[in-house]
$ cat final07.cif   # mmCIF, C-alpha atoms
data_model
loop_
_atom_site.label_atom_id
_atom_site.label_comp_id
_atom_site.auth_asym_id
_atom_site.auth_seq_id
_atom_site.Cartn_x
_atom_site.Cartn_y
_atom_site.Cartn_z
CA MET A 1 -4.60 37.96 8.91
CA CYS A 2 -4.81 40.96 6.59
CA ILE A 3 -2.01 41.02 4.00
CA LEU A 4 -3.27 43.83 1.75
CA LYS A 5 -5.32 46.89 2.64
CA ALA A 6 -6.41 49.80 0.46
CA SER A 7 -7.72 52.83 2.34
CA GLY A 8 -9.28 55.89 0.70
CA VAL A 9 -7.43 55.27 -2.56
CA LYS A 10 -8.03 58.01 -5.10
CA LYS A 11 -6.40 58.52 -8.49
CA VAL A 12 -6.74 61.64 -10.61
CA TYR A 13 -5.11 61.97 -14.01
CA LYS A 14 -4.42 65.35 -15.56
CA SER A 15 -4.48 66.02 -19.28
CA ARG A 16 -1.22 66.85 -21.03
CA PHE A 17 -1.70 70.59 -20.57
CA GLY A 18 -3.38 70.32 -17.18
CA GLY A 19 -6.73 71.64 -18.36
CA MET A 20 -8.73 68.48 -17.79
CA MET A 21 -8.94 66.13 -14.81
CA VAL A 22 -10.05 62.50 -14.96
CA GLU A 23 -10.93 60.80 -11.68
CA ALA A 24 -10.16 57.12 -12.27
CA LEU A 25 -10.59 56.12 -8.61
CA LYS A 26 -12.67 58.07 -6.11
CA ASP A 27 -12.51 56.33 -2.73
CA VAL A 28 -11.52 52.67 -2.81
CA ASN A 29 -11.50 50.72 0.46
CA PHE A 30 -11.03 46.98 0.89
CA SER A 31 -8.70 44.42 2.41
CA VAL A 32 -7.44 40.97 1.46
CA ASP A 33 -6.61 38.29 4.01
CA LYS A 34 -3.60 36.01 3.70
CA GLY A 35 -4.55 32.95 1.63
CA GLU A 36 -7.58 34.55 -0.05
CA PHE A 37 -8.36 34.33 -3.76
CA VAL A 38 -10.05 37.60 -4.72
CA ALA A 39 -11.35 38.64 -8.13
CA ILE A 40 -11.97 42.25 -9.16
CA MET A 41 -14.57 42.94 -11.83
CA GLY A 42 -15.96 46.02 -13.53
CA GLU A 43 -16.69 47.49 -16.93
CA SER A 44 -13.96 49.07 -19.06
CA GLY A 45 -13.15 52.45 -17.57
CA SER A 46 -14.34 51.47 -14.10
CA GLY A 47 -10.85 51.91 -12.63
CA LYS A 48 -9.94 48.27 -11.94
CA THR A 49 -6.73 48.29 -14.03
CA THR A 50 -5.68 51.59 -12.45
CA LEU A 51 -6.29 50.03 -9.04
CA LEU A 52 -4.22 46.97 -9.92
CA ASN A 53 -1.32 49.16 -11.05
CA ILE A 54 -1.42 51.02 -7.74
CA LEU A 55 -1.53 47.75 -5.77
CA ALA A 56 1.47 46.54 -7.80
CA ALA A 57 3.41 49.74 -7.02
CA LEU A 58 3.53 50.49 -10.75
CA ASP A 59 1.59 53.71 -10.18
CA LYS A 60 0.95 55.95 -7.18
CA ALA A 61 -2.38 56.96 -5.70
CA THR A 62 -3.24 60.66 -5.64
CA GLU A 63 -4.66 60.16 -2.15
CA GLY A 64 -5.02 57.28 0.28
CA GLU A 65 -2.68 54.43 1.06
CA VAL A 66 -1.97 50.79 0.25
CA ILE A 67 -0.48 48.57 2.93
CA LEU A 68 1.08 45.32 1.70
CA ASP A 69 2.42 42.90 4.28
CA GLY A 70 2.72 45.73 6.82
CA LYS A 71 4.48 48.18 4.49
CA ASN A 72 2.98 51.41 3.15
CA ILE A 73 3.73 51.23 -0.59
CA SER A 74 3.42 54.99 -1.08
CA ARG A 75 6.24 55.64 1.40
CA ILE A 76 8.79 53.33 -0.20
CA LYS A 77 11.65 55.24 -1.82
CA GLU A 78 11.87 55.22 -5.61
CA SER A 79 15.31 53.64 -5.35
CA GLU A 80 13.84 50.72 -3.40
CA ILE A 81 10.49 50.18 -5.12
CA ALA A 82 11.75 47.78 -7.80
CA LYS A 83 13.28 45.52 -5.14
CA PHE A 84 10.08 45.69 -3.09
CA ARG A 85 7.99 44.61 -6.07
CA ARG A 86 10.39 41.80 -6.93
CA ASP A 87 10.44 40.48 -3.36
CA ASN A 88 6.76 40.85 -2.49
CA ILE A 89 4.63 40.83 -5.64
CA GLY A 90 4.23 38.19 -8.33
CA TYR A 91 2.61 39.73 -11.43
CA VAL A 92 0.91 37.71 -14.16
CA PHE A 93 0.23 39.68 -17.35
CA GLN A 94 -2.46 39.05 -19.96
CA ASP A 95 0.12 38.97 -22.76
CA PHE A 96 2.59 36.80 -20.76
CA ASN A 97 5.48 39.33 -20.96
CA LEU A 98 8.02 36.63 -21.71
CA LEU A 99 11.28 37.45 -23.50
CA ASP A 100 11.47 35.57 -26.82
CA THR A 101 15.28 35.49 -26.73
CA PHE A 102 15.19 33.64 -23.38
CA SER A 103 14.16 30.02 -22.83
CA LEU A 104 11.19 29.43 -20.53
CA GLU A 105 13.66 28.42 -17.83
CA ASP A 106 15.60 31.67 -18.13
CA ASN A 107 12.38 33.69 -18.18
CA ILE A 108 11.32 32.05 -14.93
CA TYR A 109 14.74 32.58 -13.37
CA LEU A 110 14.89 36.26 -14.34
CA PRO A 111 13.52 37.87 -11.13
CA LEU A 112 15.87 35.73 -9.04
CA VAL A 113 18.82 36.64 -11.26
CA LEU A 114 17.99 40.31 -10.78
CA ALA A 115 17.80 39.70 -7.04
CA GLY A 116 21.30 38.18 -7.08
CA LYS A 117 20.26 34.72 -5.91
CA LYS A 118 22.66 31.77 -6.17
CA HIS A 119 22.03 29.24 -8.94
CA THR A 120 21.58 26.40 -6.43
CA ASP A 121 18.83 28.36 -4.69
CA MET A 122 17.18 29.22 -8.03
CA LYS A 123 17.27 25.59 -9.17
CA GLU A 124 15.75 24.41 -5.91
CA ARG A 125 12.87 26.87 -6.22
CA LEU A 126 12.36 26.03 -9.89
CA ASP A 127 12.20 22.29 -9.27
CA ALA A 128 9.55 22.81 -6.60
CA ILE A 129 7.09 24.57 -8.90
CA VAL A 130 7.53 23.36 -12.50
CA GLY A 131 6.21 19.86 -11.78
CA PRO A 132 2.84 21.01 -10.39
CA LEU A 133 2.62 23.57 -13.22
CA GLY A 134 3.16 20.87 -15.84
CA ILE A 135 6.05 22.56 -17.66
CA ALA A 136 9.05 20.55 -16.44
CA ASP A 137 9.67 19.16 -19.94
CA LEU A 138 9.34 22.56 -21.63
CA LEU A 139 12.01 24.55 -19.81
CA LYS A 140 14.55 24.55 -22.64
CA LYS A 141 11.99 25.69 -25.20
CA TYR A 142 11.49 29.31 -26.20
CA PRO A 143 8.19 31.20 -25.91
CA TYR A 144 7.57 31.07 -29.68
CA GLU A 145 7.84 27.25 -29.53
CA VAL A 146 4.99 26.66 -27.04
CA SER A 147 1.25 27.30 -26.84
CA GLY A 148 -0.44 30.26 -25.20
CA GLY A 149 -1.47 28.13 -22.24
CA GLN A 150 2.10 26.91 -21.76
CA LYS A 151 3.40 30.47 -21.96
CA GLN A 152 0.98 31.53 -19.25
CA ARG A 153 2.05 28.62 -17.06
CA ALA A 154 5.64 29.79 -17.42
CA ALA A 155 4.51 33.31 -16.50
CA VAL A 156 2.80 31.94 -13.39
CA ALA A 157 6.01 30.06 -12.52
CA ARG A 158 7.96 33.31 -12.87
CA ALA A 159 5.50 35.00 -10.49
CA LEU A 160 5.67 32.14 -7.96
CA ILE A 161 9.43 31.60 -7.91
CA THR A 162 10.09 34.70 -5.80
CA GLU A 163 7.76 33.31 -3.11
CA PRO A 164 5.73 36.56 -3.11
CA SER A 165 3.32 37.82 -0.48
CA ILE A 166 0.65 38.11 -3.18
CA ILE A 167 0.11 37.28 -6.84
CA LEU A 168 -1.58 39.98 -8.91
CA ALA A 169 -3.05 38.79 -12.20
CA ASP A 170 -4.25 41.17 -14.93
CA GLU A 171 -6.83 39.44 -17.17
CA PRO A 172 -4.72 36.24 -17.10
CA THR A 173 -7.12 34.29 -19.34
CA GLY A 174 -7.64 37.12 -21.84
CA ALA A 175 -5.25 35.73 -24.47
CA LEU A 176 -6.11 32.06 -23.95
CA ASP A 177 -8.58 29.65 -25.55
CA SER A 178 -11.30 28.03 -23.44
CA LYS A 179 -9.34 24.87 -22.58
CA SER A 180 -6.18 26.77 -21.63
CA SER A 181 -8.25 29.22 -19.59
CA ASP A 182 -9.83 26.41 -17.59
CA GLU A 183 -6.42 24.84 -16.97
CA LEU A 184 -4.95 28.14 -15.79
CA LEU A 185 -7.86 28.85 -13.45
CA GLU A 186 -7.56 25.36 -11.95
CA LEU A 187 -3.88 26.14 -11.49
CA PHE A 188 -4.67 29.35 -9.61
CA ARG A 189 -7.15 27.43 -7.46
CA LYS A 190 -4.45 24.86 -6.74
CA VAL A 191 -1.72 27.33 -5.73
CA ASN A 192 -4.27 29.24 -3.66
CA GLY A 193 -5.16 25.99 -1.92
CA LEU A 194 -1.50 25.73 -0.93
CA GLY A 195 -1.77 29.09 0.82
CA GLN A 196 -0.78 31.57 -1.91
CA THR A 197 -2.77 34.82 -1.84
CA VAL A 198 -4.14 35.71 -5.29
CA LEU A 199 -5.85 38.87 -6.55
CA MET A 200 -7.09 38.77 -10.13
CA VAL A 201 -8.64 41.42 -12.36
CA THR A 202 -10.96 39.86 -14.92
CA HIS A 203 -13.86 40.53 -17.29
CA SER A 204 -14.75 36.84 -17.30
CA VAL A 205 -17.64 35.71 -15.11
CA LYS A 206 -16.38 32.15 -15.43
CA ALA A 207 -12.91 33.13 -14.21
CA ALA A 208 -14.33 35.08 -11.27
CA CYS A 209 -16.23 31.97 -10.13
CA TYR A 210 -12.92 30.43 -9.11
CA ALA A 211 -12.34 33.16 -6.52
CA SER A 212 -13.48 32.98 -2.92
CA ARG A 213 -14.64 36.60 -3.10
CA VAL A 214 -15.48 38.99 -5.92
CA LEU A 215 -15.18 42.78 -5.65
CA PHE A 216 -17.07 44.94 -8.15
CA ILE A 217 -15.58 48.32 -9.09
CA ASN A 218 -17.93 50.90 -10.56
CA ASP A 219 -17.32 54.62 -11.13
CA GLY A 220 -14.10 54.48 -9.13
CA VAL A 221 -15.45 52.88 -5.95
CA VAL A 222 -16.13 49.38 -4.62
CA PHE A 223 -19.74 48.94 -5.66
CA HIS A 224 -20.44 45.54 -4.11
CA GLN A 225 -18.81 42.26 -3.10
CA ILE A 226 -19.84 38.61 -3.14
CA PHE A 227 -18.44 35.82 -0.98
CA LYS A 228 -18.48 32.35 -2.48
CA GLY A 229 -18.74 30.41 0.75
CA ASP A 230 -20.38 27.04 0.06
CA SER A 231 -21.85 28.14 -3.27
CA SER A 232 -21.11 26.01 -6.33
CA ASP A 233 -19.41 27.51 -9.37
CA ARG A 234 -22.79 27.61 -11.10
CA GLU A 235 -24.46 29.42 -8.19
CA MET A 236 -21.54 31.85 -8.06
CA TYR A 237 -21.87 32.42 -11.81
CA GLU A 238 -25.52 33.43 -11.36
CA LYS A 239 -24.74 35.78 -8.45
CA ILE A 240 -21.97 37.51 -10.39
CA SER A 241 -24.11 37.80 -13.53
CA ASP A 242 -26.97 39.31 -11.54
CA THR A 243 -24.65 41.90 -9.98
CA LEU A 244 -23.16 42.86 -13.36
CA THR A 245 -26.66 43.24 -14.79
CA LEU A 246 -27.62 45.49 -11.87
CA MET A 247 -24.51 47.58 -12.41
CA ALA A 248 -25.24 47.92 -16.12
CA ARG A 249 -28.68 49.24 -15.26
CA GLY A 250 -27.21 51.80 -12.89
CA GLY A 251 -28.78 50.39 -9.75
CA GLY A 252 -27.52 48.88 -6.53
CA GLU A 253 -25.56 50.11 -3.60
CA ASN A 254 -22.19 51.83 -3.04
#

$ encode --input "final07.cif" --output "structure tokens"
Amino acid sequence: MCILKASGVKKVYKSRFGGMMVEALKDVNFSVDKGEFVAIMGESGSGKTTLLNILAALDKATEGEVILDGKNISRIKESEIAKFRRDNIGYVFQDFNLLDTFSLEDNIYLPLVLAGKKHTDMKERLDAIVGPLGIADLLKKYPYEVSGGQKQRAAVARALITEPSIILADEPTGALDSKSSDELLELFRKVNGLGQTVLMVTHSVKAACYASRVLFINDGVVFHQIFKGDSSDREMYEKISDTLTLMARGGGEN
């Protein structure tokens, strides 16, 4: 079952005085099935972050459409878009985006507080996810009192607690050390195994190996894709590396 579909997505930015046009995305087409774990890769400037912002309804496409869980994002009213994001999209940022004046518990609760949920409902949802995430004993601590890996686990909990249709992750291992990165990726693999759809933008070949499919963005279009299937992480690593090398040399297919 398709949960996310991008069709003919194009994004053009104009300079401040309108004299220069930058085409960040040319014609992006792909879909994500419910329960998939998809990674998006590409060099800096390839358009992958722009694409993620459009998928997250943080930016609008110049042309084309994005359908998430049956709803056309571009047609949602501005007055309703924040609620739509909160109810349907869990976003994990590279720099965690936690509020230092809030405990981890309050940071995780925040989207539910904004949605007007009852405390009993919030507590029930929290209890269901903090154990598997390994942060049950850290909830009363503040972000500046815990490690980067623990902050990112709290950020993942905040994304999961709304029970979103999809989790979007923007370079989620970018600010983490190797050990914390491995733990986070295993965590994504675990929640995906429970049926959560995950789409992750990453520069890391190692991180992309955890996905069931990797999309490569180059010059504003989907350049290529690789399905993991029965491949091992090591075999997937080699396939991804080969594709990135081909892209760097300017070869391959559109």

$ closest_residue --input "final07.cif" --among "A:Ser103, A:Thr197, A:Thr173, A:Asn218" --to "A:Leu185" --atoms "all atoms listed in the file"
A:Thr173

$ residues_near_point --input "final07.cif" --point "(-14.6, 60.5, -14.6)" --cutoff "12 Å" --atoms "all atoms listed in the file" --output "PyMOL selection string"
chain A and resi 10-14+20-26+45-47+218-221

$ atom_distance --input "final07.cif" --atom1 "atom CA of A:Ala175" --atom2 "atom CA of A:Asp95"
6.5 Å

$ closest_residue --input "final07.cif" --among "A:His203, A:Ala61, A:Phe223, A:Ser232" --to "A:Gly250" --atoms "all atoms listed in the file"
A:Phe223

$ resolve_selection --input "final07.cif" --expression "the PyMOL selection byres ((chain A and resi 104-106) around 7)" --output "PyMOL selection string"
chain A and resi 102-103+107-110+139-143+154

$ write_last_selection --input "final07.cif" --atoms "C-alpha atoms" --output "CSV table (one decimal), keeping the file's coordinate frame"
chain,number,residue,atom,x,y,z
A,102,PHE,CA,15.2,33.6,-23.4
A,103,SER,CA,14.2,30.0,-22.8
A,107,ASN,CA,12.4,33.7,-18.2
A,108,ILE,CA,11.3,32.0,-14.9
A,109,TYR,CA,14.7,32.6,-13.4
A,110,LEU,CA,14.9,36.3,-14.3
A,139,LEU,CA,12.0,24.6,-19.8
A,140,LYS,CA,14.6,24.6,-22.6
A,141,LYS,CA,12.0,25.7,-25.2
A,142,TYR,CA,11.5,29.3,-26.2
A,143,PRO,CA,8.2,31.2,-25.9
A,154,ALA,CA,5.6,29.8,-17.4

$ residues_around --input "final07.cif" --residues "stretch 226-230 of chain A" --least-positions-apart "5" --cutoff "12 Å" --atoms "only C-alpha atoms" --output "short mmCIF file (atom, residue, chain, number, x, y, z; two decimals) with C-alpha atoms, in the coordinates of the input"
data_model
loop_
_atom_site.label_atom_id
_atom_site.label_comp_id
_atom_site.auth_asym_id
_atom_site.auth_seq_id
_atom_site.Cartn_x
_atom_site.Cartn_y
_atom_site.Cartn_z
CA GLU A 36 -7.58 34.55 -0.05
CA PHE A 37 -8.36 34.33 -3.76
CA VAL A 38 -10.05 37.60 -4.72
CA ALA A 39 -11.35 38.64 -8.13
CA ILE A 40 -11.97 42.25 -9.16
CA MET A 41 -14.57 42.94 -11.83
CA ALA A 208 -14.33 35.08 -11.27
CA CYS A 209 -16.23 31.97 -10.13
CA TYR A 210 -12.92 30.43 -9.11
CA ALA A 211 -12.34 33.16 -6.52
CA SER A 212 -13.48 32.98 -2.92
CA ARG A 213 -14.64 36.60 -3.10
CA VAL A 214 -15.48 38.99 -5.92
CA LEU A 215 -15.18 42.78 -5.65
CA PHE A 216 -17.07 44.94 -8.15
CA GLU A 235 -24.46 29.42 -8.19
CA MET A 236 -21.54 31.85 -8.06
CA TYR A 237 -21.87 32.42 -11.81
CA GLU A 238 -25.52 33.43 -11.36
CA LYS A 239 -24.74 35.78 -8.45
CA ILE A 240 -21.97 37.51 -10.39
CA SER A 241 -24.11 37.80 -13.53
CA ASP A 242 -26.97 39.31 -11.54
CA THR A 243 -24.65 41.90 -9.98
CA LEU A 244 -23.16 42.86 -13.36
#

$ atom_distance --input "final07.cif" --atom1 "atom CA of A:Ser165" --atom2 "atom CA of A:Arg189"
16.3 Å

$ closest_residue --input "final07.cif" --among "A:Glu65, A:Glu80, A:Asp33, A:Glu183" --to "A:Leu133" --atoms "all atoms listed in the file"
A:Glu183

$ atom_distance --input "final07.cif" --atom1 "atom CA of A:Gly8" --atom2 "atom CA of A:Gly64"
4.5 Å

$ residues_near_point --input "final07.cif" --point "(6.0, 59.1, 2.2)" --cutoff "12 Å" --atoms "all atoms listed in the file" --output "PDB file with C-alpha atoms, in the coordinates of the input"
ATOM      1  CA  LYS A  60       0.950  55.950  -7.180  1.00  0.00           C
ATOM      2  CA  ALA A  61      -2.380  56.960  -5.700  1.00  0.00           C
ATOM      3  CA  GLU A  63      -4.660  60.160  -2.150  1.00  0.00           C
ATOM      4  CA  GLY A  64      -5.020  57.280   0.280  1.00  0.00           C
ATOM      5  CA  GLU A  65      -2.680  54.430   1.060  1.00  0.00           C
ATOM      6  CA  VAL A  66      -1.970  50.790   0.250  1.00  0.00           C
ATOM      7  CA  LYS A  71       4.480  48.180   4.490  1.00  0.00           C
ATOM      8  CA  ASN A  72       2.980  51.410   3.150  1.00  0.00           C
ATOM      9  CA  ILE A  73       3.730  51.230  -0.590  1.00  0.00           C
ATOM     10  CA  SER A  74       3.420  54.990  -1.080  1.00  0.00           C
ATOM     11  CA  ARG A  75       6.240  55.640   1.400  1.00  0.00           C
ATOM     12  CA  ILE A  76       8.790  53.330  -0.200  1.00  0.00           C
ATOM     13  CA  LYS A  77      11.650  55.240  -1.820  1.00  0.00           C
ATOM     14  CA  GLU A  78      11.870  55.220  -5.610  1.00  0.00           C
TER      15      GLU A  78
END

$ residues_around --input "final07.cif" --residues "A:Gln150" --least-positions-apart "3" --cutoff "9 Å" --atoms "only C-alpha atoms" --output "ChimeraX atom specification"
/A:134-135,138,143,146-147,153-155,180

$ closest_residue --input "final07.cif" --among "A:Arg86, A:Arg158, A:Arg249, A:Lys206" --to "A:Leu126" --atoms "only C-alpha atoms"
A:Arg158

$ residues_around --input "final07.cif" --residues "A:Ile167" --least-positions-apart "5" --cutoff "8 Å" --atoms "only C-alpha atoms" --output "PyMOL selection string"
chain A and resi 89-92+159-160+196-199

$ write_last_selection --input "final07.cif" --atoms "C-alpha atoms" --output "PDB file, in the frame of the given file"
ATOM      1  CA  ILE A  89       4.630  40.830  -5.640  1.00  0.00           C
ATOM      2  CA  GLY A  90       4.230  38.190  -8.330  1.00  0.00           C
ATOM      3  CA  TYR A  91       2.610  39.730 -11.430  1.00  0.00           C
ATOM      4  CA  VAL A  92       0.910  37.710 -14.160  1.00  0.00           C
ATOM      5  CA  ALA A 159       5.500  35.000 -10.490  1.00  0.00           C
ATOM      6  CA  LEU A 160       5.670  32.140  -7.960  1.00  0.00           C
ATOM      7  CA  GLN A 196      -0.780  31.570  -1.910  1.00  0.00           C
ATOM      8  CA  THR A 197      -2.770  34.820  -1.840  1.00  0.00           C
ATOM      9  CA  VAL A 198      -4.140  35.710  -5.290  1.00  0.00           C
ATOM     10  CA  LEU A 199      -5.850  38.870  -6.550  1.00  0.00           C
TER      11      LEU A 199
END

$ closest_residue --input "final07.cif" --among "A:Asp100, A:Asp177, A:Asp27, A:Asp233" --to "A:Tyr144" --atoms "all atoms listed in the file"
A:Asp100

$ resolve_selection --input "final07.cif" --expression "the PyMOL selection byres ((chain A and resi 30) around 6)" --output "NGL selection string"
:A and (5-6 or 29 or 31)

$ closest_residue --input "final07.cif" --among "A:Lys123, A:Lys151, A:Lys48, A:Arg234" --to "A:Leu184" --atoms "all atoms listed in the file"
A:Lys151

$ axis_aligned_box --input "final07.cif" --around "stretch 171-184 of chain A" --padding-each-side "6 Å" --output "AutoDock Vina command-line options"
--center_x -8.0 --center_y 32.1 --center_z -20.7 --size_x 18.6 --size_y 26.6 --size_z 21.8

$ resolve_selection --input "final07.cif" --expression "the PyMOL selection byres ((chain A and resi 52) around 10)" --output "ChimeraX atom specification"
/A:40,47-51,53-59,168-170,199-201
